[in-house]
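As structure tokens, the structure follows; a few thoughts come after it.
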Amino acid sequence: MYACIYVPRFPVQAIVRAEPALRAKAVAVIDGTPPLCRVMAANQKAFRAGVKLGLSKLAAAQLPDLMVRQRSLAQEAAADAALLDLGLAFSPRVEAIAPDTVTFDGSGLEQLFGAPETIARNLVRRASALGFKTQVGVAANIDAAVHAARGFRGITVIPEDQEAEALSTLPLEVLSAPPESLETLGRWGVRTFRALAALPTAQLSERLGQEGVRLQATARGGTSRPLVPVEPALKFEEVMELEYPVTTLEPLTFILGRMLDQLCQRLEGRALATNELRLGLSLESAAPDLQIGTGDSGLGSGAPPPPTASRSPSPRGRGKGVRGGSQTRILRLPVSMRNPKLLLKLWLLHLKADPPPAPVLKVTLAAEPAKPRLAQGGLFLPLSPDPEKLEVTLARIAGAVGVEHLGSPELEDSHRPDAFRMNRFDSSALGTGKRKTRIANRELRIAGLKSHFLFPDDRFPIRGSRNLMALRVFRPPRPAVVEVKNGYPVRVYAPGIRGDVVALSGPWRTSGCWWRDDSWAEDEWDVGIRSLAGPLSMVEPLESGLVRSRTTDQKTTAGFYRIYRELTNGNWFIRGVYD
């Protein structure tokens with residue numbers, strides 16, 4: 001048994017599946033460059049409205065209630081891939097006969113899907129979910145199934161050995177034949193499969209050669225050829241070229257929702273999910289001072305993106321000031337999923353935080369295939385949030401507090417004091433081997449530091465015990481006022497700390513990242529402070545450079561501290577205390 005899926009008026013349906021609102025309207029597709037644009041495809045409503053193939057774009061635009069669209073090869077390629085995925089969802093042996101026609105070997109599928117009529121109905125149902133209106137043919141040989149799908153509407157199931165009778169009423173235009181052969185047969189008055197099958201084979205061979213014999217065998221349903229399966233490519237991509245630029249988030253979100261539904265349907269048909277989505281946006285060129293969008297739903301705000309997504313601008317323009325060109329945004333997921341509603345929420349949060357800087361002309365959405373997540377719950381395990389919903393919650397928090405305040409802190413290998421960075425929070429590593437590996441690596445690093453700084457007694461130059469002091473860091477550093485004499489600090493005033501400097505060591509100057517906005521340059525001192533008697537006079541530095549003093553009974557502390565002065569502005573701070 002072979003089943004064939006045919007999509008009539010394929011260029012029209014490739015556009016309509018991306019714009020479902022056009023399904024109930026008359027649609028004509030034009031091809032070519034102005035002024036040579038001509039109608040190359042249309043639906044039945046357009047033909048009833050007076051559209052003819054080859055009609056000029058100007059003449060088609062004069063017809064009332066006619067939607068004219070430019071042919072999109074990118075959308076046709078995406079529709080072709082979706083049609084191939086539909087066949088692969090039923091059988092691993094699929095042949096792509098044409099961009100609008102796919103056939104597959106259905107031998108043995110009765111055990112999984114039921115009778116041939118049931119298989120055909122399932123094909124139509126899944127094709128409708130992908131945005132196609134299809135015709136399905138089922139027969140005992142490939143060519144009979146293909147011609148049944150192309151020639152009859154709806155579902156056609158041809159019993160074995162009845163192919164000639166079932167195909168007899170089809171017109172010859174259904175045959176995949178050279179135009180000159182069809183023209184010759186038309187001059188003879190042969191216009192149906194039945195008339196072609198009734199011709200004498202010998203005389204037909206004398207006039208049309210072996211091509212005529214092949215066409216007659218096809219009309220009789222007697223051909224037999226092997227299926228030529230295609231290699232299934234794991235590429236899931238949907239494309240939509242917009243008729244007009246999109247300037248607000250609401251229509252862009254609607255477009256993404258439709259594309260995500262189609263992508264997830266294709267992934268589900270192949271028993272796959274995705275852990276990474278790539279969104280490509282082609283932007284319209286605009287003046288540098290043009291404001292795109294207004295209010296919360298407009299495009300062009302300057303908020304940073306959430307940690308779940310990253311953006312790669314095109315070489316034509318980088319950064320927030322991109323005008324024209326394209327952008328590629330990547331949404332990485334902690335676990336593989338194929339829930340279109342959750343994915344749409346993530347993209348909506350990302351686009352609200354970092355809208356496109358210009359109107360959008362074309363949208364491309366690609367999914368990286370991955371095995372779906374399989375999780376088995378336990379009776380005695382505590383409840384934990386679903387990683388899919390947790391990712392949406394993290395994206396919402398990032399939109400509220402900012403991307404720089406959300407994530408997992410990690411120390412940087414830098415000379416900058418207390419340097420760290422915020423990494424993306426990976427919920428998939430919790431309770432798994434990844435977390436154990438990180439803990440083991442951290443313990444190895446700590447053991448290496450101990451072996452580096454703590455020497456055995458036979459290697460340490462001074463015998464006896466060692467008194468080790470730890471620096472307890474203040475976070476944030478405490479602002480201070482320091483009196484300096486001959487370049488050395490002699491007295492320190494800070495909240496809770498007031499006294500004379502009786503011992504000091506330094507300065508140690510550190511600086512770096514002079515090419516960035518967050519560069520630093522500072523002098524550090526280790527000082528011993530002896531507290532002063534009497535009430536504490538609190539000294540607070542002001543932005544104007546003056547100081548403000550107030551008296552309090554708070555006790556002062558004395559000890560060893562690390563202080564530093566920022567060379568860029570001259571402000572003093574206390575970094576920590578030794579204890």
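Identifiers in the structure tokens: chain A, B, ... in order shown; residue index from 1 per chain; ligand index from 1 in order shown.
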
Which residues come within 9 Å of Gly154 of chain A, counting only C-alpha atoms, excluding same-chain residues fewer than 5 positions away, as a compact mmCIF listing (two decimals) with N, CA and C atoms, in the first residue's frame?
```
# COMPACT_ATOMS: atom_id res chain seq x y z
N VAL A 124 -5.11 13.78 6.65
CA VAL A 124 -5.82 15.04 6.42
C VAL A 124 -5.89 15.85 7.70
N THR A 134 -5.39 19.32 1.91
CA THR A 134 -4.73 18.30 1.09
C THR A 134 -5.74 17.38 0.43
N GLN A 135 -5.25 16.68 -0.57
CA GLN A 135 -5.95 15.58 -1.22
C GLN A 135 -5.09 14.34 -1.06
N VAL A 136 -5.68 13.25 -0.65
CA VAL A 136 -4.94 12.02 -0.32
C VAL A 136 -5.42 10.90 -1.22
N GLY A 137 -4.46 10.17 -1.78
CA GLY A 137 -4.76 8.98 -2.57
C GLY A 137 -4.03 7.78 -2.02
N ALA A 149 -4.47 11.19 -5.94
CA ALA A 149 -4.40 12.37 -5.06
C ALA A 149 -4.49 13.66 -5.86
```

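If you measure from each of A:Ala49, A:Val502, A:Leu172, A:Ile97 to Ser531 of chain A using only C-alpha atoms, the closest one turns out to be A:Val502.
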
message: Just list as a PyMOL selection string whatever in segment 172-229 of chain A DSSP marks as alpha helix (DSSP H).
response: chain A and resi 179-187+193-197+201-219

Residue selection dump (N, CA and C atoms) as an mmCIF file, in the first residue's frame:
```cif
data_model
loop_
_atom_site.group_PDB
_atom_site.id
_atom_site.type_symbol
_atom_site.label_atom_id
_atom_site.label_comp_id
_atom_site.auth_asym_id
_atom_site.auth_seq_id
_atom_site.Cartn_x
_atom_site.Cartn_y
_atom_site.Cartn_z
ATOM 1 N N PRO A 179 4.652 18.540 -22.602
ATOM 2 C CA PRO A 179 3.544 19.317 -23.226
ATOM 3 C C PRO A 179 3.277 18.895 -24.674
ATOM 4 N N GLU A 180 4.340 18.538 -25.427
ATOM 5 C CA GLU A 180 4.116 18.161 -26.824
ATOM 6 C C GLU A 180 3.332 16.856 -26.933
ATOM 7 N N SER A 181 3.546 15.922 -26.007
ATOM 8 C CA SER A 181 2.779 14.671 -26.021
ATOM 9 C C SER A 181 1.309 14.926 -25.707
ATOM 10 N N LEU A 182 1.054 15.788 -24.727
ATOM 11 C CA LEU A 182 -0.336 16.111 -24.400
ATOM 12 C C LEU A 182 -1.015 16.850 -25.555
ATOM 13 N N GLU A 183 -0.256 17.700 -26.252
ATOM 14 C CA GLU A 183 -0.828 18.409 -27.395
ATOM 15 C C GLU A 183 -1.189 17.450 -28.511
ATOM 16 N N THR A 184 -0.329 16.454 -28.766
ATOM 17 C CA THR A 184 -0.619 15.462 -29.813
ATOM 18 C C THR A 184 -1.848 14.641 -29.463
ATOM 19 N N LEU A 185 -1.935 14.191 -28.204
ATOM 20 C CA LEU A 185 -3.090 13.410 -27.774
ATOM 21 C C LEU A 185 -4.372 14.248 -27.843
ATOM 22 N N GLY A 186 -4.253 15.530 -27.546
ATOM 23 C CA GLY A 186 -5.431 16.381 -27.641
ATOM 24 C C GLY A 186 -5.933 16.527 -29.067
ATOM 25 N N ARG A 187 -4.997 16.613 -30.032
ATOM 26 C CA ARG A 187 -5.415 16.684 -31.432
ATOM 27 C C ARG A 187 -6.101 15.404 -31.882
ATOM 28 N N PHE A 193 -8.120 9.414 -19.150
ATOM 29 C CA PHE A 193 -7.325 8.201 -18.956
ATOM 30 C C PHE A 193 -7.959 7.021 -19.696
ATOM 31 N N ARG A 194 -9.299 6.943 -19.699
ATOM 32 C CA ARG A 194 -9.973 5.817 -20.348
ATOM 33 C C ARG A 194 -9.691 5.828 -21.847
ATOM 34 N N ALA A 195 -9.727 6.991 -22.473
ATOM 35 C CA ALA A 195 -9.463 7.062 -23.916
ATOM 36 C C ALA A 195 -8.022 6.704 -24.230
ATOM 37 N N LEU A 196 -7.098 7.118 -23.386
ATOM 38 C CA LEU A 196 -5.692 6.773 -23.627
ATOM 39 C C LEU A 196 -5.456 5.286 -23.430
ATOM 40 N N ALA A 197 -6.101 4.689 -22.427
ATOM 41 C CA ALA A 197 -5.914 3.260 -22.175
ATOM 42 C C ALA A 197 -6.492 2.404 -23.293
ATOM 43 N N THR A 201 -1.658 -0.287 -28.465
ATOM 44 C CA THR A 201 -0.318 -0.022 -27.931
ATOM 45 C C THR A 201 0.713 0.064 -29.041
ATOM 46 N N ALA A 202 0.633 -0.787 -30.055
ATOM 47 C CA ALA A 202 1.638 -0.796 -31.123
ATOM 48 C C ALA A 202 1.617 0.515 -31.904
ATOM 49 N N GLN A 203 0.421 0.959 -32.320
ATOM 50 C CA GLN A 203 0.331 2.199 -33.075
ATOM 51 C C GLN A 203 0.727 3.417 -32.225
ATOM 52 N N LEU A 204 0.405 3.358 -30.942
ATOM 53 C CA LEU A 204 0.788 4.461 -30.050
ATOM 54 C C LEU A 204 2.309 4.547 -29.922
ATOM 55 N N SER A 205 2.960 3.372 -29.876
ATOM 56 C CA SER A 205 4.417 3.355 -29.786
ATOM 57 C C SER A 205 5.055 3.890 -31.060
ATOM 58 N N GLU A 206 4.421 3.601 -32.231
ATOM 59 C CA GLU A 206 4.976 4.103 -33.478
ATOM 60 C C GLU A 206 4.932 5.626 -33.564
ATOM 61 N N ARG A 207 3.938 6.246 -32.945
ATOM 62 C CA ARG A 207 3.765 7.689 -33.093
ATOM 63 C C ARG A 207 4.393 8.488 -31.932
ATOM 64 N N LEU A 208 4.341 7.950 -30.720
ATOM 65 C CA LEU A 208 4.873 8.682 -29.558
ATOM 66 C C LEU A 208 6.073 8.004 -28.919
ATOM 67 N N GLY A 209 6.450 6.842 -29.419
ATOM 68 C CA GLY A 209 7.615 6.156 -28.872
ATOM 69 C C GLY A 209 7.336 5.559 -27.506
ATOM 70 N N GLN A 210 8.423 5.287 -26.778
ATOM 71 C CA GLN A 210 8.288 4.657 -25.469
ATOM 72 C C GLN A 210 7.595 5.570 -24.459
ATOM 73 N N GLU A 211 7.681 6.891 -24.689
ATOM 74 C CA GLU A 211 6.980 7.811 -23.788
ATOM 75 C C GLU A 211 5.475 7.593 -23.865
ATOM 76 N N GLY A 212 4.938 7.326 -25.068
ATOM 77 C CA GLY A 212 3.521 7.042 -25.205
ATOM 78 C C GLY A 212 3.129 5.748 -24.536
ATOM 79 N N VAL A 213 4.004 4.716 -24.645
ATOM 80 C CA VAL A 213 3.716 3.440 -23.983
ATOM 81 C C VAL A 213 3.690 3.628 -22.464
ATOM 82 N N ARG A 214 4.611 4.424 -21.941
ATOM 83 C CA ARG A 214 4.646 4.670 -20.487
ATOM 84 C C ARG A 214 3.398 5.405 -20.026
ATOM 85 N N LEU A 215 2.961 6.399 -20.791
ATOM 86 C CA LEU A 215 1.764 7.134 -20.415
ATOM 87 C C LEU A 215 0.528 6.234 -20.438
ATOM 88 N N GLN A 216 0.446 5.318 -21.419
ATOM 89 C CA GLN A 216 -0.699 4.408 -21.477
ATOM 90 C C GLN A 216 -0.701 3.445 -20.293
ATOM 91 N N ALA A 217 0.487 2.933 -19.937
ATOM 92 C CA ALA A 217 0.566 2.034 -18.769
ATOM 93 C C ALA A 217 0.171 2.754 -17.484
ATOM 94 N N THR A 218 0.538 4.035 -17.401
ATOM 95 C CA THR A 218 0.140 4.806 -16.226
ATOM 96 C C THR A 218 -1.363 4.994 -16.190
ATOM 97 N N ALA A 219 -1.970 5.275 -17.347
ATOM 98 C CA ALA A 219 -3.422 5.459 -17.389
ATOM 99 C C ALA A 219 -4.163 4.176 -17.048
#
```

- request: Tell me which protein, DNA and RNA residues are within 8 Å of Ser56 of chain A, counting only C-alpha atoms, leaving out same-chain ones fewer than 6 positions away, and put them as a list in words.
  value: Leu36, Cys37, Arg38 and Val39 of chain A

Output for the residues just chosen: N, CA and C atoms as a short mmCIF file (atom, residue, chain, number, x, y, z; two decimals), in the first residue's frame:
```cif
data_model
loop_
_atom_site.label_atom_id
_atom_site.label_comp_id
_atom_site.auth_asym_id
_atom_site.auth_seq_id
_atom_site.Cartn_x
_atom_site.Cartn_y
_atom_site.Cartn_z
N LEU A 36 6.60 43.44 -14.87
CA LEU A 36 6.26 42.16 -15.50
C LEU A 36 5.61 41.19 -14.51
N CYS A 37 5.06 41.67 -13.41
CA CYS A 37 4.42 40.79 -12.43
C CYS A 37 3.13 40.22 -13.01
N ARG A 38 3.00 38.91 -12.95
CA ARG A 38 1.82 38.22 -13.47
C ARG A 38 1.29 37.24 -12.43
N VAL A 39 0.00 36.97 -12.49
CA VAL A 39 -0.62 35.99 -11.61
C VAL A 39 -0.18 34.60 -12.04
#
```

For segment 128-191 of chain A versus segment 222-245 of chain A, which residues have an atom no more than 10 Å away, and what is each residue's nearest atom pair and distance in Å rounded to one decimal, using only C-alpha atoms, chain-then-number order, as JSON lines?
```
{"residue": "A:Ala140", "atom": "CA", "partner": "A:Ser224", "partner_atom": "CA", "distance": 9.5}
{"residue": "A:Asn141", "atom": "CA", "partner": "A:Ser224", "partner_atom": "CA", "distance": 6.4}
{"residue": "A:Ile142", "atom": "CA", "partner": "A:Arg225", "partner_atom": "CA", "distance": 7.3}
{"residue": "A:Asp143", "atom": "CA", "partner": "A:Thr223", "partner_atom": "CA", "distance": 7.0}
{"residue": "A:Ala144", "atom": "CA", "partner": "A:Thr223", "partner_atom": "CA", "distance": 8.2}
{"residue": "A:Asp161", "atom": "CA", "partner": "A:Gly222", "partner_atom": "CA", "distance": 8.8}
{"residue": "A:Gln162", "atom": "CA", "partner": "A:Gly222", "partner_atom": "CA", "distance": 10.0}
{"residue": "A:Glu163", "atom": "CA", "partner": "A:Gly222", "partner_atom": "CA", "distance": 7.7}
{"residue": "A:Ala164", "atom": "CA", "partner": "A:Gly222", "partner_atom": "CA", "distance": 7.8}
```

Print the selection's residues with C-alpha atoms to a file, as a PDB file, in the first residue's frame.
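File written: part11.pdb
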```
ATOM      1  CA  ALA A 140      -1.368  -0.554  -4.446  1.00  0.00           C
ATOM      2  CA  ASN A 141       1.210   1.192  -6.663  1.00  0.00           C
ATOM      3  CA  ILE A 142       2.909   4.564  -6.423  1.00  0.00           C
ATOM      4  CA  ASP A 143       1.732   6.159  -9.672  1.00  0.00           C
ATOM      5  CA  ALA A 144      -1.897   5.247  -9.091  1.00  0.00           C
ATOM      6  CA  ASP A 161      -6.456  -4.519  -9.325  1.00  0.00           C
ATOM      7  CA  GLN A 162      -9.061  -1.766  -9.791  1.00  0.00           C
ATOM      8  CA  GLU A 163      -6.679   1.069 -10.662  1.00  0.00           C
ATOM      9  CA  ALA A 164      -7.712   1.336 -14.345  1.00  0.00           C
TER      10      ALA A 164
END
```

field: Nearest residue to Pro356 of chain A from the set A:Ala271, A:Leu83, A:Leu252, A:Val401 (distances using only C-alpha atoms)
entry: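 Using only C-alpha atoms, Pro356 of chain A sits closest to A:Leu252.
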
- request: Could you check how far atom CA of Tyr2 of chain A sits from atom CA of Ala78 of chain A, in Å to one decimal?
  value: 24.4 Å

What's the 12 Å shell around Glu110 of chain A, counting only C-alpha atoms, without same-chain residues fewer than 3 positions away, as a compact mmCIF listing (two decimals) with N, CA and C atoms, in the first residue's frame?
```txt
# COMPACT_ATOMS: atom_id res chain seq x y z
N MET A 1 0.83 -1.19 0.00
CA MET A 1 0.00 0.00 0.00
C MET A 1 0.87 1.24 0.00
N PHE A 90 4.49 9.28 9.58
CA PHE A 90 3.77 8.02 9.41
C PHE A 90 4.69 6.89 8.99
N SER A 91 5.71 7.18 8.18
CA SER A 91 6.55 6.11 7.65
C SER A 91 7.97 6.63 7.46
N ASP A 105 5.55 4.70 1.78
CA ASP A 105 5.22 3.28 1.83
C ASP A 105 4.42 3.01 3.09
N GLY A 106 3.18 2.56 2.91
CA GLY A 106 2.31 2.31 4.06
C GLY A 106 2.19 0.86 4.43
N SER A 107 3.11 0.02 3.98
CA SER A 107 3.03 -1.41 4.29
C SER A 107 3.22 -1.61 5.80
N PHE A 113 -2.09 2.30 12.75
CA PHE A 113 -3.07 3.36 12.51
C PHE A 113 -4.43 2.84 12.06
N GLY A 114 -4.54 1.56 11.72
CA GLY A 114 -5.82 1.03 11.30
C GLY A 114 -5.92 0.85 9.79
N ALA A 115 -7.13 0.84 9.27
CA ALA A 115 -7.40 0.60 7.86
C ALA A 115 -6.88 1.77 7.01
N PRO A 116 -6.73 1.55 5.69
CA PRO A 116 -6.26 2.64 4.82
C PRO A 116 -7.11 3.90 4.90
N GLU A 117 -8.43 3.76 5.04
CA GLU A 117 -9.29 4.94 5.18
C GLU A 117 -8.95 5.72 6.44
N THR A 118 -8.65 5.00 7.54
CA THR A 118 -8.28 5.67 8.79
C THR A 118 -6.94 6.39 8.65
N ILE A 119 -5.99 5.75 7.96
CA ILE A 119 -4.69 6.39 7.73
C ILE A 119 -4.87 7.67 6.93
N ALA A 120 -5.73 7.62 5.89
CA ALA A 120 -5.95 8.81 5.07
C ALA A 120 -6.60 9.92 5.88
```

message: If I take atom CA of Arg478 of chain A and atom CA of Phe420 of chain A, how far is one from the other in Å, to one decimal?
response: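 Spanning atom CA of Arg478 of chain A to atom CA of Phe420 of chain A is a straight-line distance of 19.3 Å.
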